file data_23.cif (mmCIF, C-alpha atoms)
data_upload
loop_
_atom_site.label_atom_id
_atom_site.label_comp_id
_atom_site.auth_asym_id
_atom_site.auth_seq_id
_atom_site.Cartn_x
_atom_site.Cartn_y
_atom_site.Cartn_z
CA MET A 1 35.44 32.87 19.89
CA LEU A 2 37.04 35.84 18.15
CA LYS A 3 37.40 35.53 14.39
CA GLU A 4 40.25 36.92 12.33
CA LEU A 5 39.60 40.28 10.67
CA ASP A 6 40.40 40.45 6.96
CA PRO A 7 43.26 43.02 6.75
CA LEU A 8 42.33 44.01 3.19
CA LEU A 9 38.97 45.28 4.40
CA HIS A 10 39.87 46.20 7.95
CA ASN A 11 42.96 48.31 7.27
CA SER A 12 41.39 50.70 4.78
CA GLN A 13 38.11 52.52 5.29
CA LEU A 14 37.94 53.31 1.56
CA ARG A 15 38.28 49.66 0.50
CA LEU A 16 35.64 48.70 3.07
CA GLY A 17 33.37 51.46 1.76
CA VAL A 18 33.80 50.33 -1.85
CA VAL A 19 32.99 46.70 -1.03
CA SER A 20 30.00 47.80 1.09
CA ILE A 21 28.64 49.75 -1.88
CA LEU A 22 29.31 47.03 -4.43
CA ILE A 23 27.56 44.42 -2.29
CA THR A 24 24.27 46.34 -2.69
CA VAL A 25 24.47 47.05 -6.42
CA LYS A 26 24.64 44.92 -9.52
CA GLU A 27 27.51 47.07 -10.79
CA ALA A 28 28.68 50.64 -10.25
CA GLU A 29 30.49 53.19 -12.35
CA PHE A 30 33.82 54.62 -11.16
CA ALA A 31 32.26 58.10 -10.89
CA TYR A 32 29.51 56.74 -8.66
CA LEU A 33 32.03 55.15 -6.30
CA CYS A 34 33.99 58.41 -6.22
CA GLU A 35 30.82 60.33 -5.40
CA GLN A 36 29.64 57.94 -2.67
CA THR A 37 32.99 57.44 -0.93
CA LYS A 38 34.06 61.09 -1.39
CA ALA A 39 37.53 59.79 -2.26
CA SER A 40 39.93 61.29 -4.78
CA GLU A 41 40.13 59.55 -8.18
CA GLY A 42 43.80 58.60 -7.66
CA ASN A 43 43.27 57.09 -4.23
CA LEU A 44 40.17 55.23 -5.37
CA SER A 45 42.04 53.81 -8.39
CA ILE A 46 44.80 52.44 -6.14
CA GLN A 47 42.36 50.80 -3.72
CA LEU A 48 40.28 49.35 -6.58
CA LYS A 49 43.44 47.85 -8.05
CA LYS A 50 44.26 46.20 -4.71
CA LEU A 51 40.76 44.77 -4.43
CA LYS A 52 40.95 43.54 -8.00
CA GLU A 53 44.32 41.86 -7.41
CA ALA A 54 42.87 40.07 -4.38
CA GLY A 55 39.97 38.87 -6.54
CA TYR A 56 37.34 40.73 -4.50
CA ILE A 57 36.07 42.85 -7.39
CA GLU A 58 35.97 42.83 -11.16
CA ILE A 59 36.83 45.97 -13.15
CA ILE A 60 35.19 46.27 -16.55
CA LYS A 61 36.49 48.83 -19.04
CA GLY A 62 34.02 49.90 -21.70
CA TYR A 63 32.35 52.86 -23.35
CA LYS A 64 29.20 54.86 -22.66
CA GLY A 65 28.44 56.66 -25.90
CA ASN A 66 31.82 57.96 -27.04
CA PHE A 67 33.29 58.21 -23.55
CA PRO A 68 35.40 55.58 -21.77
CA LEU A 69 33.65 54.01 -18.83
CA THR A 70 35.01 51.98 -15.89
CA THR A 71 32.53 49.79 -14.08
CA CYS A 72 33.12 47.73 -10.95
CA LYS A 73 31.36 44.61 -9.82
CA ILE A 74 31.80 42.44 -6.72
CA THR A 75 32.92 38.85 -7.26
CA THR A 76 31.61 35.78 -5.43
CA LEU A 77 34.86 35.71 -3.44
CA GLY A 78 34.43 39.39 -2.56
CA ALA A 79 30.87 38.85 -1.34
CA LYS A 80 32.00 35.83 0.70
CA LYS A 81 34.90 37.75 2.25
CA PHE A 82 32.64 40.69 3.10
CA LYS A 83 30.17 38.39 4.85
CA ALA A 84 33.02 36.72 6.76
CA TYR A 85 34.34 40.16 7.76
CA ILE A 86 30.92 41.19 9.11
CA ASP A 87 30.71 37.92 11.07
CA ALA A 88 34.18 38.59 12.48
CA LEU A 89 33.18 42.12 13.53
CA LYS A 90 30.08 40.71 15.21
CA SER A 91 32.23 38.24 17.13
CA TYR A 92 34.21 41.16 18.58
CA ILE A 93 31.04 43.06 19.49
CA ASP A 94 29.37 40.01 21.06
CA PHE A 95 32.55 38.88 22.85
CA LYS A 96 32.16 38.88 26.62
CA GLN A 97 35.20 39.10 28.88
CA SER A 98 35.22 36.11 31.26
CA MET B 1 60.40 31.70 46.27
CA TYR B 2 57.75 34.05 47.66
CA PHE B 3 59.29 36.91 45.70
CA ILE B 4 59.08 34.89 42.44
CA LEU B 5 55.40 34.06 43.11
CA ILE B 6 54.58 37.74 43.66
CA LYS B 7 56.39 38.63 40.43
CA ILE B 8 54.47 35.96 38.43
CA ASN B 9 51.18 37.13 39.92
CA THR B 10 51.92 40.78 39.08
CA ARG B 11 52.87 39.78 35.53
CA ARG B 12 49.64 37.73 35.21
CA ASN B 13 47.50 40.64 36.43
CA CYS B 14 49.27 42.95 34.05
CA LEU B 15 48.62 40.57 31.12
CA ILE B 16 44.92 40.25 32.06
CA THR B 17 44.62 44.06 32.21
CA ASN B 18 46.36 44.41 28.83
CA THR B 19 44.18 41.73 27.21
CA SER B 20 41.07 43.31 28.69
CA MET B 21 42.07 46.73 27.33
CA GLU B 22 42.88 45.23 23.94
CA ASN B 23 39.50 43.49 23.79
CA LYS B 24 37.74 46.71 24.74
CA HIS B 25 39.63 48.54 22.01
CA ASN B 26 38.83 45.83 19.44
CA LYS B 27 35.17 45.89 20.38
CA GLN B 28 35.07 49.66 19.99
CA GLU B 29 36.85 49.43 16.63
CA ALA B 30 34.43 46.71 15.45
CA GLU B 31 31.48 48.88 16.42
CA GLU B 32 32.98 51.84 14.52
CA LYS B 33 33.42 49.69 11.40
CA ILE B 34 29.85 48.37 11.60
CA ASN B 35 28.57 51.95 12.01
CA TYR B 36 30.63 53.04 9.01
CA ILE B 37 29.21 50.25 6.82
CA TYR B 38 25.69 51.09 8.01
CA GLN B 39 26.26 54.77 7.18
CA VAL B 40 27.56 53.94 3.68
CA LEU B 41 24.55 51.72 3.00
CA GLN B 42 22.15 54.37 4.29
CA ASN B 43 23.72 57.05 2.08
CA ILE B 44 23.24 54.82 -0.95
CA GLY B 45 19.61 54.18 -0.01
CA ASN B 46 18.95 57.91 0.35
CA SER B 47 20.66 58.93 -2.87
CA GLU B 48 19.02 56.25 -4.98
CA ARG B 49 16.05 57.54 -6.95
CA LYS B 50 13.13 55.17 -6.82
CA SER B 51 11.06 56.51 -9.65
CA GLY B 52 7.29 56.43 -9.42
CA PHE B 53 6.95 57.86 -12.93
CA HIS B 54 5.74 54.63 -14.55
CA TYR B 55 3.10 54.09 -11.85
CA VAL B 56 1.79 57.65 -12.24
CA ILE B 57 1.66 57.49 -16.06
CA TRP B 58 0.08 54.03 -16.27
CA GLY B 59 -2.38 54.73 -13.47
CA ILE B 60 -3.64 57.83 -15.27
CA ALA B 61 -3.60 56.15 -18.69
CA ILE B 62 -5.61 53.09 -17.66
CA ALA B 63 -8.04 55.16 -15.59
CA LEU B 64 -8.63 57.49 -18.58
CA ALA B 65 -9.06 54.55 -20.95
CA MET B 66 -11.58 52.94 -18.58
CA VAL B 67 -13.61 56.13 -18.21
CA ALA B 68 -13.56 56.62 -22.00
CA HIS B 69 -14.61 52.99 -22.45
CA TYR B 70 -17.50 53.58 -20.02
CA ILE B 71 -18.65 56.68 -21.92
CA PHE B 72 -18.53 54.90 -25.29
CA TYR B 73 -20.23 51.84 -23.77
CA ILE B 74 -23.24 53.79 -22.49
CA ASN B 75 -23.39 55.63 -25.84
CA SER B 76 -23.35 52.30 -27.70
CA ALA B 77 -20.06 52.92 -29.54
CA PRO B 78 -17.79 50.01 -28.45
CA ARG B 79 -15.56 50.30 -31.54
CA ASN B 80 -14.50 53.79 -30.42
CA ALA B 81 -13.60 52.33 -27.02
CA THR B 82 -11.13 49.95 -28.66
CA TYR B 83 -9.47 52.85 -30.54
CA THR B 84 -9.27 54.86 -27.31
CA TRP B 85 -7.53 51.98 -25.55
CA ILE B 86 -5.02 51.68 -28.40
CA ILE B 87 -4.29 55.44 -28.49
CA ILE B 88 -4.00 55.93 -24.73
CA THR B 89 -1.90 52.85 -24.01
CA GLY B 90 0.24 53.64 -27.07
CA LEU B 91 0.95 57.14 -25.72
CA ALA B 92 1.72 55.76 -22.25
CA THR B 93 4.12 53.22 -23.77
CA VAL B 94 5.98 55.96 -25.70
CA LEU B 95 6.29 58.08 -22.54
CA SER B 96 7.42 55.09 -20.45
CA VAL B 97 10.02 53.93 -22.98
CA THR B 98 11.41 57.47 -23.45
CA TYR B 99 11.70 57.91 -19.69
CA SER B 100 13.39 54.50 -19.26
CA ILE B 101 15.97 55.27 -21.97
CA LYS B 102 16.77 58.64 -20.35
CA GLU B 103 17.03 57.04 -16.92
CA ARG B 104 19.32 54.28 -18.18
CA ARG B 105 21.68 56.94 -19.54
CA ARG B 106 21.60 58.86 -16.26
CA ILE B 107 22.12 56.10 -13.66
CA LYS B 108 25.68 55.29 -12.61
CA ALA B 109 24.85 52.19 -10.57
CA GLU B 110 22.03 49.72 -10.79
CA SER B 111 20.96 48.51 -7.36
CA ASN B 112 20.16 44.84 -6.73
CA GLU B 113 16.71 46.01 -5.68
CA LYS B 114 16.08 47.67 -9.05
CA SER B 115 17.42 44.64 -10.85
CA HIS B 116 14.97 42.40 -8.92
CA THR B 117 11.98 44.68 -9.56
CA SER B 118 12.82 44.76 -13.29
CA SER B 119 12.90 40.95 -13.38
CA VAL B 120 9.59 40.72 -11.50
CA SER B 121 8.03 43.27 -13.87
CA LEU B 122 9.23 41.35 -16.94
CA ILE B 123 7.89 38.04 -15.57
CA PHE B 124 4.48 39.50 -14.68
CA HIS B 125 4.02 41.33 -17.98
CA THR B 126 4.99 38.25 -19.99
CA PHE B 127 2.56 36.24 -17.86
CA LEU B 128 -0.19 38.82 -18.47
CA PHE B 129 0.47 38.79 -22.21
CA LEU B 130 0.07 34.99 -22.28
CA LEU B 131 -2.97 35.23 -20.06
CA LEU B 132 -4.65 37.72 -22.44
CA PHE B 133 -4.22 35.14 -25.18
CA VAL B 134 -5.81 32.48 -22.91
CA ILE B 135 -8.67 34.89 -22.05
CA HIS B 136 -9.24 35.58 -25.75
CA LYS B 137 -9.38 31.84 -26.55
CA THR B 138 -11.38 30.66 -23.54
CA GLY B 139 -13.76 33.56 -23.04
CA LEU B 140 -12.79 34.19 -19.41
CA GLN B 141 -13.82 37.54 -17.86
CA PRO B 142 -10.80 39.78 -18.55
CA VAL B 143 -11.21 42.46 -15.84
CA PRO B 144 -10.98 40.19 -12.73
CA VAL B 145 -8.06 38.24 -14.20
CA ILE B 146 -6.08 41.37 -15.16
CA PHE B 147 -6.59 42.94 -11.72
CA LEU B 148 -5.52 39.67 -10.05
CA VAL B 149 -2.25 39.65 -12.00
CA TYR B 150 -1.54 43.33 -11.40
CA GLY B 151 -2.35 42.90 -7.71
CA ALA B 152 0.27 40.17 -7.42
CA TRP B 153 2.80 42.32 -9.31
CA LEU B 154 2.21 45.35 -7.07
CA LEU B 155 2.50 43.19 -3.94
CA ALA B 156 5.77 41.68 -5.14
CA THR B 157 7.26 45.04 -6.16
CA GLY B 158 6.05 46.80 -3.00
CA SER B 159 7.64 44.08 -0.86
CA ILE B 160 10.96 44.31 -2.69
CA ILE B 161 11.25 48.09 -2.46
CA LYS B 162 9.62 48.10 1.00
CA PHE B 163 6.94 50.61 0.03
CA ARG B 164 3.76 49.88 1.95
CA LEU B 165 1.42 51.91 -0.28
CA LEU B 166 2.21 49.68 -3.26
CA ILE B 167 1.43 46.64 -1.09
CA PHE B 168 -1.94 48.20 -0.18
CA GLY B 169 -2.39 48.92 -3.91
CA GLY B 170 -1.86 45.22 -4.61
CA ILE B 171 -4.46 44.22 -2.02
CA LEU B 172 -6.88 46.79 -3.48
CA ASN B 173 -6.35 45.25 -6.95
CA TRP B 174 -7.22 41.81 -5.57
CA ALA B 175 -10.33 43.21 -3.87
CA MET B 176 -11.26 44.81 -7.20
CA ALA B 177 -10.73 41.49 -9.00
CA LEU B 178 -13.14 39.73 -6.63
CA THR B 179 -15.70 42.57 -6.83
CA ALA B 180 -15.53 42.62 -10.63
CA ILE B 181 -16.88 39.05 -10.74
CA TYR B 182 -20.20 40.24 -9.27
CA VAL B 183 -20.72 43.55 -11.09
CA SER B 184 -21.52 44.39 -14.71
CA LEU B 185 -19.03 45.88 -17.18
CA PRO B 186 -19.96 49.59 -16.76
CA TYR B 187 -19.41 49.37 -13.00
CA GLN B 188 -16.23 47.33 -13.53
CA LEU B 189 -14.90 50.17 -15.67
CA LEU B 190 -15.76 52.94 -13.22
CA LEU B 191 -14.50 51.02 -10.18
CA GLY B 192 -11.41 49.94 -12.13
CA ALA B 193 -10.57 53.57 -12.98
CA LEU B 194 -10.79 54.52 -9.30
CA VAL B 195 -8.67 51.54 -8.25
CA CYS B 196 -6.01 52.43 -10.86
CA LEU B 197 -5.74 55.97 -9.50
CA LEU B 198 -5.54 54.74 -5.91
CA SER B 199 -3.19 51.81 -6.42
CA TYR B 200 -0.84 53.20 -9.11
CA THR B 201 -1.00 56.97 -9.48
CA LEU B 202 -1.18 57.87 -5.79
CA PRO B 203 1.63 55.50 -4.60
CA GLY B 204 3.72 56.50 -7.63
CA TYR B 205 3.36 60.19 -6.79
CA LEU B 206 4.18 59.58 -3.12
CA LEU B 207 7.16 57.38 -4.07
CA ASN B 208 8.56 60.24 -6.16
CA LYS B 209 7.94 62.70 -3.35
CA ARG B 210 9.59 60.43 -0.74
CA THR B 211 12.64 59.94 -2.96
CA PHE B 212 13.15 63.65 -3.54
CA VAL B 213 12.80 64.37 0.18
CA ASN B 214 15.43 61.72 1.04
CA ALA B 215 17.86 62.64 -1.75
#
call {"tool": "encode", "arguments": {"input": "data_23.cif", "output": "structure tokens"}}
result
Amino acid sequence: MLKELDPLLHNSQLRLGVVSILITVKEAEFAYLCEQTKASEGNLSIQLKKLKEAGYIEIIKGYKGNFPLTTCKITTLGAKKFKAYIDALKSYIDFKQS
Amino acid sequence: MYFILIKINTRRNCLITNTSMENKHNKQEAEEKINYIYQVLQNIGNSERKSGFHYVIWGIAIALAMVAHYIFYINSAPRNATYTWIIITGLATVLSVTYSIKERRRIKAESNEKSHTSSVSLIFHTFLFLLLFVIHKTGLQPVPVIFLVYGAWLLATGSIIKFRLLIFGGILNWAMALTAIYVSLPYQLLLGALVCLLSYTLPGYLLNKRTFVNA
């Protein structure tokens, strides 16, 4: 049985990359996400905003020393959606044409 | 009638072909996405620095303290041994804390793995601290007990970070704990120094080396 693919993760490689990274870390700085995804700051900001609006991630604004710092963290909903997305992908891979 | 049947059949075949092509495309796309996720996760694993600094420093420090203890013991100066332990472990603590503060400033993301190893380390060191109090009050042999605790800690940490040498280090610590029951203090100290170098310093050095090769 084929499962539905979450469009928020499926339609953007960058959003999928960000969630994949955040699932393995406790929290990650904006610069780290930029570095790992090789995305531009502007593009990454837009995609992070979309993920935040959907409740998949949490964005924490703070300071490191005297410098402003943006940190991202995956939410329980985000982790659940990511797992469901992986299961859905597996259903497509395992699907056998009758 | 026959013409209509042929038309329906052609349409059905066409739909089956389309669905089959769509499924093939979806399967290919799903595989690409899985590969992408796998690649992202692998890049993170490679770029993450698993520091073996603390293992190297503490392995050397404890080994040195044990050798010094042995020398003072055979020269009948046990008070000096106590001072040596305080000085060497004090220095190692300063180095460890300084390194940890620097590392905390440098890291941009804390992995779940690191978070778990930190929790395990905190639990084991608190446990050891309480155990030292129990040893002091009950008169238990300290060396076997300490090596038992550190063996369990190394095994747990090695399993979390999937580093086999630390797991072997843990087993070696347990073997040392059992051996220490049957040998006298001077031999405990010499064997203990060797075990510290083999189960902390060597894996720590190789962990650093592996990380820099992968990075």
call {"tool": "residues_around", "arguments": {"input": "data_23.cif", "residues": "B:Val195", "least_positions_apart": "5", "cutoff": "8 Å", "atoms": "all atoms listed in the file", "output": "PyMOL selection string"}}
result
chain B and resi 172-173+176
call {"tool": "write_last_selection", "arguments": {"input": "data_23.cif", "atoms": "C-alpha atoms", "output": "short mmCIF file (atom, residue, chain, number, x, y, z; two decimals), in the coordinates of the input"}}
result
data_model
loop_
_atom_site.label_atom_id
_atom_site.label_comp_id
_atom_site.auth_asym_id
_atom_site.auth_seq_id
_atom_site.Cartn_x
_atom_site.Cartn_y
_atom_site.Cartn_z
CA LEU B 172 -6.88 46.79 -3.48
CA ASN B 173 -6.35 45.25 -6.95
CA MET B 176 -11.26 44.81 -7.20
#
call {"tool": "closest_residue", "arguments": {"input": "data_23.cif", "among": "A:Cys72, A:Ile93, A:Leu51, A:Ile60", "to": "A:Leu33", "atoms": "only C-alpha atoms"}}
result
A:Cys72
call {"tool": "closest_residue", "arguments": {"input": "data_23.cif", "among": "A:Lys52, A:Lys83, A:Lys3, A:His10", "to": "B:Glu29", "atoms": "only C-alpha atoms"}}
result
A:His10
call {"tool": "atom_distance", "arguments": {"input": "data_23.cif", "atom1": "atom CA of B:Glu32", "atom2": "atom CA of A:Ile86"}}
result
12.1 Å
call {"tool": "atom_distance", "arguments": {"input": "data_23.cif", "atom1": "atom CA of A:Leu9", "atom2": "atom CA of B:Glu113"}}
result
24.4 Å
call {"tool": "build_atoms", "arguments": {"input": "data_23.cif", "residues": "stretch 36-55 of chain A", "atoms": "N, CA and C atoms", "output": "PDB file, keeping the file's coordinate frame"}}
result
ATOM      1  N   GLN A  36      30.153  58.511  -3.924  1.00  0.00           N
ATOM      2  CA  GLN A  36      29.640  57.940  -2.670  1.00  0.00           C
ATOM      3  C   GLN A  36      30.691  57.884  -1.567  1.00  0.00           C
ATOM      4  N   THR A  37      31.944  57.590  -1.954  1.00  0.00           N
ATOM      5  CA  THR A  37      32.990  57.440  -0.930  1.00  0.00           C
ATOM      6  C   THR A  37      33.677  58.779  -0.635  1.00  0.00           C
ATOM      7  N   LYS A  38      33.438  59.765  -1.500  1.00  0.00           N
ATOM      8  CA  LYS A  38      34.060  61.090  -1.390  1.00  0.00           C
ATOM      9  C   LYS A  38      35.593  60.976  -1.421  1.00  0.00           C
ATOM     10  N   ALA A  39      36.078  59.997  -2.160  1.00  0.00           N
ATOM     11  CA  ALA A  39      37.530  59.790  -2.260  1.00  0.00           C
ATOM     12  C   ALA A  39      38.042  60.466  -3.535  1.00  0.00           C
ATOM     13  N   SER A  40      39.363  60.708  -3.571  1.00  0.00           N
ATOM     14  CA  SER A  40      39.930  61.290  -4.780  1.00  0.00           C
ATOM     15  C   SER A  40      40.055  60.171  -5.827  1.00  0.00           C
ATOM     16  N   GLU A  41      40.076  60.552  -7.103  1.00  0.00           N
ATOM     17  CA  GLU A  41      40.130  59.550  -8.180  1.00  0.00           C
ATOM     18  C   GLU A  41      41.384  58.683  -8.066  1.00  0.00           C
ATOM     19  N   GLY A  42      42.529  59.325  -7.754  1.00  0.00           N
ATOM     20  CA  GLY A  42      43.800  58.600  -7.660  1.00  0.00           C
ATOM     21  C   GLY A  42      43.768  57.572  -6.549  1.00  0.00           C
ATOM     22  N   ASN A  43      43.333  57.997  -5.375  1.00  0.00           N
ATOM     23  CA  ASN A  43      43.270  57.090  -4.230  1.00  0.00           C
ATOM     24  C   ASN A  43      42.317  55.928  -4.502  1.00  0.00           C
ATOM     25  N   LEU A  44      41.167  56.272  -5.090  1.00  0.00           N
ATOM     26  CA  LEU A  44      40.170  55.230  -5.370  1.00  0.00           C
ATOM     27  C   LEU A  44      40.740  54.217  -6.367  1.00  0.00           C
ATOM     28  N   SER A  45      41.448  54.701  -7.380  1.00  0.00           N
ATOM     29  CA  SER A  45      42.040  53.810  -8.390  1.00  0.00           C
ATOM     30  C   SER A  45      42.988  52.816  -7.731  1.00  0.00           C
ATOM     31  N   ILE A  46      43.830  53.314  -6.810  1.00  0.00           N
ATOM     32  CA  ILE A  46      44.800  52.440  -6.140  1.00  0.00           C
ATOM     33  C   ILE A  46      44.086  51.354  -5.332  1.00  0.00           C
ATOM     34  N   GLN A  47      43.067  51.765  -4.578  1.00  0.00           N
ATOM     35  CA  GLN A  47      42.360  50.800  -3.720  1.00  0.00           C
ATOM     36  C   GLN A  47      41.564  49.791  -4.569  1.00  0.00           C
ATOM     37  N   LEU A  48      41.016  50.266  -5.691  1.00  0.00           N
ATOM     38  CA  LEU A  48      40.280  49.350  -6.580  1.00  0.00           C
ATOM     39  C   LEU A  48      41.219  48.308  -7.158  1.00  0.00           C
ATOM     40  N   LYS A  49      42.442  48.763  -7.479  1.00  0.00           N
ATOM     41  CA  LYS A  49      43.440  47.850  -8.050  1.00  0.00           C
ATOM     42  C   LYS A  49      43.794  46.758  -7.032  1.00  0.00           C
ATOM     43  N   LYS A  50      43.938  47.170  -5.764  1.00  0.00           N
ATOM     44  CA  LYS A  50      44.260  46.200  -4.710  1.00  0.00           C
ATOM     45  C   LYS A  50      43.137  45.178  -4.543  1.00  0.00           C
ATOM     46  N   LEU A  51      41.908  45.675  -4.574  1.00  0.00           N
ATOM     47  CA  LEU A  51      40.760  44.770  -4.430  1.00  0.00           C
ATOM     48  C   LEU A  51      40.654  43.826  -5.623  1.00  0.00           C
ATOM     49  N   LYS A  52      41.007  44.350  -6.790  1.00  0.00           N
ATOM     50  CA  LYS A  52      40.950  43.540  -8.000  1.00  0.00           C
ATOM     51  C   LYS A  52      42.022  42.439  -7.942  1.00  0.00           C
ATOM     52  N   GLU A  53      43.211  42.832  -7.515  1.00  0.00           N
ATOM     53  CA  GLU A  53      44.320  41.860  -7.410  1.00  0.00           C
ATOM     54  C   GLU A  53      43.998  40.739  -6.423  1.00  0.00           C
ATOM     55  N   ALA A  54      43.238  41.087  -5.375  1.00  0.00           N
ATOM     56  CA  ALA A  54      42.870  40.070  -4.380  1.00  0.00           C
ATOM     57  C   ALA A  54      41.685  39.230  -4.856  1.00  0.00           C
ATOM     58  N   GLY A  55      41.103  39.625  -5.979  1.00  0.00           N
ATOM     59  CA  GLY A  55      39.970  38.870  -6.540  1.00  0.00           C
ATOM     60  C   GLY A  55      38.632  39.220  -5.919  1.00  0.00           C
TER      61      GLY A  55
END
